[in-house]
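S.K.: Sharing target_21.tsv (TSV, C-alpha atoms) below.
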chain	number	residue	atom	x	y	z
A	313	MET	CA	-72.05	-83.40	-167.85
A	314	LEU	CA	-68.88	-82.43	-169.70
A	315	ILE	CA	-67.09	-83.71	-172.79
A	316	ASP	CA	-63.34	-83.64	-173.33
A	317	SER	CA	-63.42	-82.74	-177.02
A	318	HIS	CA	-59.72	-83.41	-177.64
A	319	CYS	CA	-57.41	-85.85	-175.86
A	320	HIS	CA	-54.69	-88.36	-176.68
A	321	LEU	CA	-55.65	-91.36	-174.58
A	322	ASP	CA	-52.90	-93.51	-176.08
A	323	ARG	CA	-50.30	-91.15	-174.59
A	324	ILE	CA	-51.51	-90.38	-171.08
A	325	ASN	CA	-49.59	-91.53	-168.02
A	326	LEU	CA	-51.34	-94.53	-166.46
A	327	ASP	CA	-48.96	-95.13	-163.57
A	328	ARG	CA	-51.51	-93.96	-161.00
A	329	TYR	CA	-54.16	-96.18	-162.60
A	330	ASP	CA	-52.33	-99.53	-162.41
A	331	GLY	CA	-51.53	-99.19	-166.09
A	332	LYS	CA	-55.21	-99.43	-167.05
A	333	LEU	CA	-56.78	-96.88	-169.35
A	334	SER	CA	-60.22	-97.97	-168.17
A	335	ASN	CA	-59.34	-96.69	-164.69
A	336	ALA	CA	-58.33	-93.26	-166.05
A	337	ILE	CA	-61.57	-93.08	-168.01
A	338	ALA	CA	-63.53	-94.05	-164.89
A	339	ALA	CA	-61.79	-91.28	-162.93
A	340	ALA	CA	-62.98	-88.80	-165.56
A	341	ASN	CA	-66.50	-90.24	-165.51
A	342	GLU	CA	-66.63	-89.78	-161.73
A	343	ARG	CA	-66.08	-86.04	-162.22
A	344	GLY	CA	-68.89	-85.75	-164.74
A	345	ILE	CA	-66.81	-86.11	-167.92
A	346	GLN	CA	-69.09	-88.51	-169.73
A	347	GLN	CA	-67.53	-88.60	-173.20
A	348	MET	CA	-64.17	-87.87	-174.78
A	349	LEU	CA	-62.78	-87.63	-178.30
A	350	CYS	CA	-59.47	-89.47	-178.79
A	351	ILE	CA	-57.39	-87.96	-181.58
A	352	GLY	CA	-55.30	-89.63	-184.26
A	353	VAL	CA	-52.08	-87.86	-185.19
A	354	SER	CA	-49.96	-90.23	-187.29
A	355	LEU	CA	-50.01	-93.29	-189.48
A	356	ASP	CA	-48.63	-95.24	-186.52
A	357	ASN	CA	-51.37	-94.44	-184.01
A	358	ILE	CA	-54.60	-94.15	-186.00
A	359	GLN	CA	-55.63	-97.79	-185.59
A	360	THR	CA	-54.70	-97.61	-181.90
A	361	VAL	CA	-57.02	-94.63	-181.45
A	362	ILE	CA	-59.85	-96.45	-183.24
A	363	ASP	CA	-59.30	-99.55	-181.10
A	364	ILE	CA	-59.45	-97.45	-177.91
A	365	ALA	CA	-62.73	-95.87	-178.99
A	366	GLN	CA	-64.26	-99.20	-179.91
A	367	ALA	CA	-63.22	-100.72	-176.57
A	368	HIS	CA	-64.72	-97.95	-174.44
A	369	PRO	CA	-68.37	-96.87	-174.80
A	370	CYS	CA	-67.73	-93.25	-173.80
A	371	VAL	CA	-64.82	-92.66	-176.23
A	372	PHE	CA	-65.04	-91.51	-179.84
A	373	ALA	CA	-62.19	-91.33	-182.38
A	374	SER	CA	-60.83	-88.87	-184.91
A	375	VAL	CA	-58.46	-90.03	-187.65
A	376	GLY	CA	-55.77	-88.01	-189.40
A	377	VAL	CA	-52.15	-86.92	-189.61
A	378	HIS	CA	-50.85	-83.99	-187.54
A	379	PRO	CA	-48.85	-81.31	-189.39
A	380	CYS	CA	-45.81	-82.12	-187.26
A	381	ASP	CA	-46.01	-85.76	-188.39
A	382	VAL	CA	-46.43	-85.35	-192.14
A	383	LYS	CA	-42.70	-85.63	-192.76
A	384	ASP	CA	-42.89	-89.22	-191.49
A	385	GLY	CA	-45.66	-90.05	-193.93
A	386	THR	CA	-49.14	-88.74	-194.56
A	387	ALA	CA	-52.38	-90.49	-195.39
A	388	THR	CA	-54.00	-90.79	-198.79
A	389	ALA	CA	-57.59	-89.78	-199.34
A	390	ASP	CA	-58.56	-93.44	-199.73
A	391	GLN	CA	-56.90	-94.32	-196.42
A	392	LEU	CA	-58.73	-91.53	-194.63
A	393	ILE	CA	-62.04	-92.64	-196.09
A	394	GLN	CA	-61.38	-96.24	-195.05
A	395	TRP	CA	-60.47	-95.28	-191.47
A	396	ALA	CA	-63.42	-92.91	-191.26
A	397	SER	CA	-65.80	-95.73	-192.16
A	398	GLN	CA	-64.92	-97.65	-188.99
A	399	GLU	CA	-67.22	-97.67	-185.99
A	400	LYS	CA	-66.84	-94.82	-183.45
A	401	VAL	CA	-64.93	-92.52	-185.86
A	402	VAL	CA	-66.67	-89.13	-185.81
A	403	ALA	CA	-64.12	-86.70	-187.31
A	404	LEU	CA	-61.00	-86.24	-189.42
A	405	GLY	CA	-57.77	-84.91	-187.97
A	406	GLU	CA	-55.81	-83.77	-186.20
A	407	THR	CA	-54.61	-81.92	-189.28
A	408	GLY	CA	-53.67	-78.31	-189.99
A	409	LEU	CA	-50.53	-76.17	-190.13
A	410	ASP	CA	-47.63	-75.66	-187.72
A	411	TYR	CA	-45.00	-73.11	-188.68
A	412	HIS	CA	-43.49	-72.98	-185.18
A	413	TYR	CA	-41.89	-76.42	-185.16
A	414	GLU	CA	-42.11	-77.52	-188.78
A	415	THR	CA	-41.25	-74.65	-191.11
A	416	GLU	CA	-39.34	-76.90	-193.51
A	417	SER	CA	-42.41	-79.07	-194.26
A	418	LYS	CA	-44.82	-76.30	-195.26
A	419	GLU	CA	-45.56	-77.76	-198.69
A	420	LEU	CA	-46.31	-81.20	-197.27
A	421	GLN	CA	-48.46	-79.65	-194.56
A	422	HIS	CA	-50.48	-77.70	-197.12
A	423	GLU	CA	-51.07	-80.81	-199.23
A	424	SER	CA	-52.09	-82.91	-196.24
A	425	PHE	CA	-54.37	-80.25	-194.75
A	426	ALA	CA	-56.09	-79.61	-198.07
A	427	MET	CA	-56.63	-83.35	-198.54
A	428	HIS	CA	-58.18	-83.75	-195.07
A	429	LEU	CA	-60.52	-80.82	-195.80
A	430	ASP	CA	-61.46	-82.22	-199.21
A	431	VAL	CA	-62.23	-85.64	-197.74
A	432	GLY	CA	-64.22	-84.08	-194.92
A	433	LYS	CA	-66.37	-82.28	-197.46
A	434	LYS	CA	-66.77	-85.46	-199.53
A	435	ILE	CA	-67.84	-87.75	-196.68
A	436	ALA	CA	-69.59	-85.12	-194.52
A	437	LEU	CA	-67.29	-85.29	-191.49
A	438	PRO	CA	-65.94	-82.32	-189.50
A	439	VAL	CA	-62.21	-81.64	-189.32
A	440	VAL	CA	-60.12	-81.14	-186.17
A	441	VAL	CA	-57.60	-78.38	-186.97
A	442	HIS	CA	-54.26	-77.56	-185.34
A	443	THR	CA	-52.89	-74.12	-186.21
A	444	ARG	CA	-49.77	-72.45	-184.88
A	445	GLU	CA	-48.13	-69.35	-186.34
A	446	ALA	CA	-49.98	-70.05	-189.60
A	447	ARG	CA	-53.07	-67.89	-189.27
A	448	ALA	CA	-53.49	-66.62	-192.83
A	449	ASP	CA	-52.71	-69.91	-194.54
A	450	THR	CA	-54.97	-71.88	-192.19
A	451	LEU	CA	-57.94	-69.67	-192.96
A	452	ALA	CA	-57.16	-69.55	-196.67
A	453	LEU	CA	-57.06	-73.36	-196.99
A	454	ILE	CA	-60.28	-73.76	-195.01
A	455	LYS	CA	-61.97	-71.25	-197.33
A	456	GLN	CA	-60.63	-73.01	-200.42
A	457	HIS	CA	-61.13	-76.65	-199.44
A	458	GLY	CA	-63.40	-76.78	-196.39
A	459	SER	CA	-67.12	-77.26	-196.00
A	460	LEU	CA	-69.47	-74.73	-194.45
A	461	GLU	CA	-72.04	-77.40	-193.61
A	462	HIS	CA	-69.61	-80.00	-192.19
A	463	SER	CA	-67.02	-77.63	-190.84
A	464	GLY	CA	-64.69	-78.33	-187.94
A	465	VAL	CA	-62.96	-76.96	-184.88
A	466	LEU	CA	-59.81	-74.98	-184.22
A	467	HIS	CA	-58.62	-76.96	-181.23
A	468	CYS	CA	-56.50	-75.70	-178.32
A	469	PHE	CA	-57.09	-72.18	-179.56
A	470	THR	CA	-54.28	-69.72	-178.79
A	471	GLU	CA	-54.90	-66.96	-181.33
A	472	ASP	CA	-56.75	-63.65	-180.93
A	473	TRP	CA	-60.38	-62.65	-181.31
A	474	GLU	CA	-59.80	-61.50	-184.89
A	475	MET	CA	-58.88	-65.03	-185.97
A	476	ALA	CA	-61.62	-66.56	-183.87
A	477	LYS	CA	-64.19	-64.35	-185.56
A	478	ALA	CA	-62.83	-65.28	-189.00
A	479	ALA	CA	-63.18	-68.96	-188.08
A	480	LEU	CA	-66.72	-68.41	-186.80
A	481	ASP	CA	-67.57	-66.81	-190.14
A	482	LEU	CA	-66.49	-70.11	-191.77
A	483	ASN	CA	-68.90	-71.98	-189.44
A	484	TYR	CA	-66.01	-73.34	-187.34
A	485	TYR	CA	-66.05	-73.98	-183.62
A	486	ILE	CA	-63.39	-72.94	-181.11
A	487	SER	CA	-62.07	-75.33	-178.45
A	488	ILE	CA	-60.44	-74.03	-175.29
A	489	SER	CA	-57.75	-75.96	-173.40
A	490	GLY	CA	-56.07	-75.54	-170.02
A	491	ILE	CA	-53.90	-72.79	-171.50
A	492	VAL	CA	-56.77	-70.40	-170.72
A	493	THR	CA	-55.88	-70.76	-167.02
A	494	PHE	CA	-52.24	-69.72	-167.51
A	495	LYS	CA	-51.12	-66.34	-166.20
A	496	ASN	CA	-50.07	-64.97	-169.62
A	497	ALA	CA	-53.21	-66.10	-171.48
A	498	GLU	CA	-55.25	-62.90	-171.41
A	499	GLN	CA	-55.64	-62.98	-175.20
A	500	ILE	CA	-57.39	-66.35	-174.96
A	501	ARG	CA	-59.54	-65.18	-172.06
A	502	ASP	CA	-60.64	-62.25	-174.22
A	503	VAL	CA	-61.66	-64.72	-176.94
A	504	VAL	CA	-63.71	-66.72	-174.44
A	505	ARG	CA	-65.49	-63.61	-173.20
A	506	ASN	CA	-66.41	-62.67	-176.77
A	507	MET	CA	-67.29	-66.14	-178.05
A	508	PRO	CA	-70.91	-66.98	-178.80
A	509	ILE	CA	-71.79	-69.83	-176.46
A	510	ASP	CA	-73.09	-72.02	-179.30
A	511	ARG	CA	-69.63	-72.40	-180.88
A	512	LEU	CA	-67.56	-73.17	-177.79
A	513	LEU	CA	-65.94	-76.49	-176.83
A	514	VAL	CA	-63.60	-77.45	-173.98
A	515	GLU	CA	-60.73	-79.92	-174.03
A	516	THR	CA	-57.63	-81.11	-172.21
A	517	ASP	CA	-55.30	-81.99	-175.11
A	518	SER	CA	-54.01	-84.47	-172.52
A	519	PRO	CA	-51.38	-85.54	-171.71
A	520	TYR	CA	-50.23	-82.00	-172.55
A	521	LEU	CA	-51.08	-78.56	-171.13
A	522	ALA	CA	-52.55	-79.41	-167.75
A	523	PRO	CA	-54.57	-76.50	-166.35
A	524	ILE	CA	-53.74	-74.66	-163.17
A	525	PRO	CA	-53.44	-75.98	-160.43
A	526	TYR	CA	-51.93	-79.02	-162.20
A	527	ARG	CA	-49.69	-77.13	-164.61
A	528	GLY	CA	-46.40	-78.97	-165.16
A	529	LYS	CA	-47.94	-82.34	-164.33
A	530	PRO	CA	-49.27	-84.93	-166.79
A	531	ASN	CA	-52.70	-83.95	-168.04
A	532	GLU	CA	-55.67	-86.30	-168.31
A	533	PRO	CA	-59.35	-86.07	-169.27
A	534	LYS	CA	-60.66	-85.58	-165.73
A	535	TYR	CA	-58.97	-82.16	-165.65
A	536	VAL	CA	-61.35	-80.82	-168.30
A	537	TYR	CA	-63.47	-80.00	-165.24
A	538	GLU	CA	-60.96	-77.28	-164.27
A	539	VAL	CA	-60.95	-75.92	-167.82
A	540	ALA	CA	-64.74	-75.84	-167.90
A	541	GLN	CA	-65.01	-74.15	-164.50
A	542	PHE	CA	-62.57	-71.44	-165.56
A	543	VAL	CA	-64.41	-70.87	-168.84
A	544	ALA	CA	-67.77	-70.81	-167.04
A	545	ASP	CA	-66.48	-68.12	-164.69
A	546	LEU	CA	-65.32	-66.03	-167.66
A	547	LYS	CA	-68.74	-66.41	-169.26
A	548	GLY	CA	-70.55	-65.58	-166.03
A	549	MET	CA	-72.47	-68.84	-165.85
A	550	SER	CA	-72.51	-72.04	-163.82
A	551	ILE	CA	-70.38	-74.99	-164.86
A	552	GLU	CA	-73.60	-76.96	-165.24
A	553	LYS	CA	-74.94	-74.48	-167.78
A	554	LEU	CA	-71.60	-74.40	-169.61
A	555	GLY	CA	-71.66	-78.19	-169.69
A	556	GLU	CA	-75.10	-78.17	-171.27
A	557	HIS	CA	-74.00	-75.76	-173.99
A	558	THR	CA	-70.66	-77.41	-174.79
A	559	CYS	CA	-72.19	-80.89	-174.93
A	560	GLU	CA	-74.91	-79.65	-177.27
A	561	ASN	CA	-72.23	-77.99	-179.40
A	562	PHE	CA	-70.16	-81.19	-179.48
A	563	TYR	CA	-73.03	-83.30	-180.81
A	564	ARG	CA	-74.04	-80.63	-183.29
A	565	LEU	CA	-70.52	-80.56	-184.75
A	566	PHE	CA	-69.67	-84.25	-184.37
A	567	SER	CA	-73.16	-85.40	-185.28
A	568	ARG	CA	-72.10	-88.97	-186.05
A	569	ALA	CA	-71.29	-89.42	-182.35
A	570	LYS	CA	-75.00	-89.43	-181.46
A	571	GLN	CA	-75.51	-92.90	-182.93
A	572	TYR	CA	-72.85	-94.34	-180.60
A	573	LEU	CA	-74.26	-93.00	-177.35
A	574	PRO	CA	-75.12	-95.66	-174.77
A	575	GLN	CA	-78.82	-96.42	-174.81
Produce structure tokens that represent the structure in this file.

M.R.:
Amino acid sequence: MLIDSHCHLDRINLDRYDGKLSNAIAAANERGIQQMLCIGVSLDNIQTVIDIAQAHPCVFASVGVHPCDVKDGTATADQLIQWASQEKVVALGETGLDYHYETESKELQHESFAMHLDVGKKIALPVVVHTREARADTLALIKQHGSLEHSGVLHCFTEDWEMAKAALDLNYYISISGIVTFKNAEQIRDVVRNMPIDRLLVETDSPYLAPIPYRGKPNEPKYVYEVAQFVADLKGMSIEKLGEHTCENFYRLFSRAKQYLPQ
């Protein structure tokens, strides 16, 4: 069994599935991907993400505003708390910092990220963190506002082992996407080799960043199998054993998800 710990189901291409998300989810299920976490990124899509999770037994939701979307409006703490109280919501985010695309909105990003972390600490929910070219500030804000007990995950990790280790010291998890399969991703492969197995997650970030051999094509949750196989090979273990560990890690971090598992 595998879990896609980060995907955007409201954005994936459904042409091959007769326009039905249920068919895309079934295709993932057939490959052993039994659960997936659908991520909110903006004020416009948060309710959509919640609705998707509530309509599909194997989907959970995370609610928040992405750093690249804060300029179009960010959430208040009360809004986050209200969304987080809805059924199937297991995390806050995607939040964080992005200095690659959005350097002009640094102040807004800082305020939004700090607020997500504060709310996560208050309501005991983990936080899904995006970080790009903002290493020092990301870690500093997590230290200042985050929770050690209800921590979070640095998703689609593309930094080096030094940052990964700093995140581990803050009780954070590291999620690996299809980027690990890319030719120029040796830095990420080094992180995977060094990572303790009890802090590792796998994801697609679909519809983005499809792994080899699907690079350049629309990504979808069923391709987390290729990510997991590649990571398993790097760790010198079977994909079945990696699946056991990453699923256990997922439910340890996103502990609220356990109550929504099919009986």

S.K.: What does the distance from atom CA of Gly458 of chain A to atom CA of Gln347 of chain A come to in Å, to one decimal?

M.R.: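 Separation of atom CA of Gly458 of chain A and atom CA of Gln347 of chain A: 26.4 Å.
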
S.K.: Would you work out the distance separating atom CA of Thr516 of chain A from atom CA of Asn531 of chain A, expressed in Å to one decimal?

M.R.: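 Answer for the atom CA of Thr516 of chain A to atom CA of Asn531 of chain A separation: 7.1 Å.
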
S.K.: Give me the residues near segment 363-380 of chain A as JSON, numbers by chain, where near means some atom within 8 Å (using only C-alpha atoms) and where sequence neighbours in that chain fewer than 6 positions away do not count.

M.R.: {"A": [321, 322, 334, 346, 347, 348, 349, 350, 351, 352, 353, 354, 355, 386, 387, 392, 395, 396, 399, 400, 401, 402, 403, 404, 405, 406, 407, 408, 409, 410, 413, 414, 421, 424, 425, 428, 440, 442, 569, 572, 573, 574]}

S.K.: How many Å lie between atom CA of Leu437 of chain A and atom CA of His462 of chain A, rounded to one decimal?

M.R.: 5.8 Å

S.K.: Considering only C-alpha atoms, return as a compact mmCIF listing (two decimals) with C-alpha atoms, in the frame of the given file whatever protein or nucleic-acid residues lie within 7 Å of Val465 of chain A, sequence-local ones (same chain, fewer than 6 positions apart) excluded.

M.R.:
# COMPACT_ATOMS: atom_id res chain seq x y z
CA VAL A 439 -62.21 -81.64 -189.32
CA VAL A 440 -60.12 -81.14 -186.17
CA VAL A 441 -57.60 -78.38 -186.97
CA TYR A 484 -66.01 -73.34 -187.34
CA TYR A 485 -66.05 -73.98 -183.62
CA ILE A 486 -63.39 -72.94 -181.11
CA SER A 487 -62.07 -75.33 -178.45

S.K.: So that I can see what lies close to Glu474 of chain A, please list as a short mmCIF file (atom, residue, chain, number, x, y, z; two decimals) with C-alpha atoms, keeping the file's coordinate frame the residues with an atom at most 12 Å from it, counting all atoms listed in the file and leaving out residues fewer than 6 positions away in the same chain.

M.R.:
data_model
loop_
_atom_site.label_atom_id
_atom_site.label_comp_id
_atom_site.auth_asym_id
_atom_site.auth_seq_id
_atom_site.Cartn_x
_atom_site.Cartn_y
_atom_site.Cartn_z
CA ARG A 447 -53.07 -67.89 -189.27
CA ALA A 448 -53.49 -66.62 -192.83
CA LEU A 451 -57.94 -69.67 -192.96
CA LEU A 480 -66.72 -68.41 -186.80
CA ASP A 481 -67.57 -66.81 -190.14
CA GLN A 499 -55.64 -62.98 -175.20
CA ILE A 500 -57.39 -66.35 -174.96
CA ASP A 502 -60.64 -62.25 -174.22
CA VAL A 503 -61.66 -64.72 -176.94
CA ASN A 506 -66.41 -62.67 -176.77
CA MET A 507 -67.29 -66.14 -178.05
#

S.K.: So which residues are close to (-62.9, -75.1, -174.7), meaning at most 9 Å away in the file's coordinates with all atoms listed in the file counted, and can you show them as a PyMOL selection string?

M.R.: chain A and resi 316-317+467-469+486-490+492+504+512-516+536+539-540+543+558

S.K.: Just checking: using only C-alpha atoms, which residue out of A:Ile454, A:Ile524, A:Val382, A:Val361 ends up closest to Leu420 of chain A?

M.R.: A:Val382

S.K.: For each of A:Cys559, A:Met549, A:Leu429, A:Ala479, take the minimum atom-to-atom distance to Asp510 of chain A, counting only C-alpha atoms, then give the residue where this is smallest.

M.R.: A:Cys559

S.K.: Between A:Ser463, A:Thr450, A:Thr493, A:Ser518, which is the closest to Cys319 of chain A once you count only C-alpha atoms?

M.R.: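 The answer is A:Ser518, which sits nearest to Cys319 of chain A.
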
S.K.: Which one of A:Arg444, A:His412, A:Lys534, A:Arg527 sits closest to Asn335 of chain A if you count only C-alpha atoms?

M.R.: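 Ranking A:Arg444, A:His412, A:Lys534, A:Arg527 by distance to Asn335 of chain A, first place goes to A:Lys534.
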
S.K.: Find, counting only C-alpha atoms, the residue in A:Thr360, A:Ile509, A:Thr443, A:His320 that gets nearest to Phe562 of chain A.

M.R.: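 Among the listed residues, the smallest separation from Phe562 of chain A belongs to A:Ile509.
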
S.K.: Taking only C-alpha atoms into account, name the residue in A:Asp472, A:Leu521, A:Glu532, A:Ser417 that is nearest to Tyr329 of chain A.

M.R.: A:Glu532
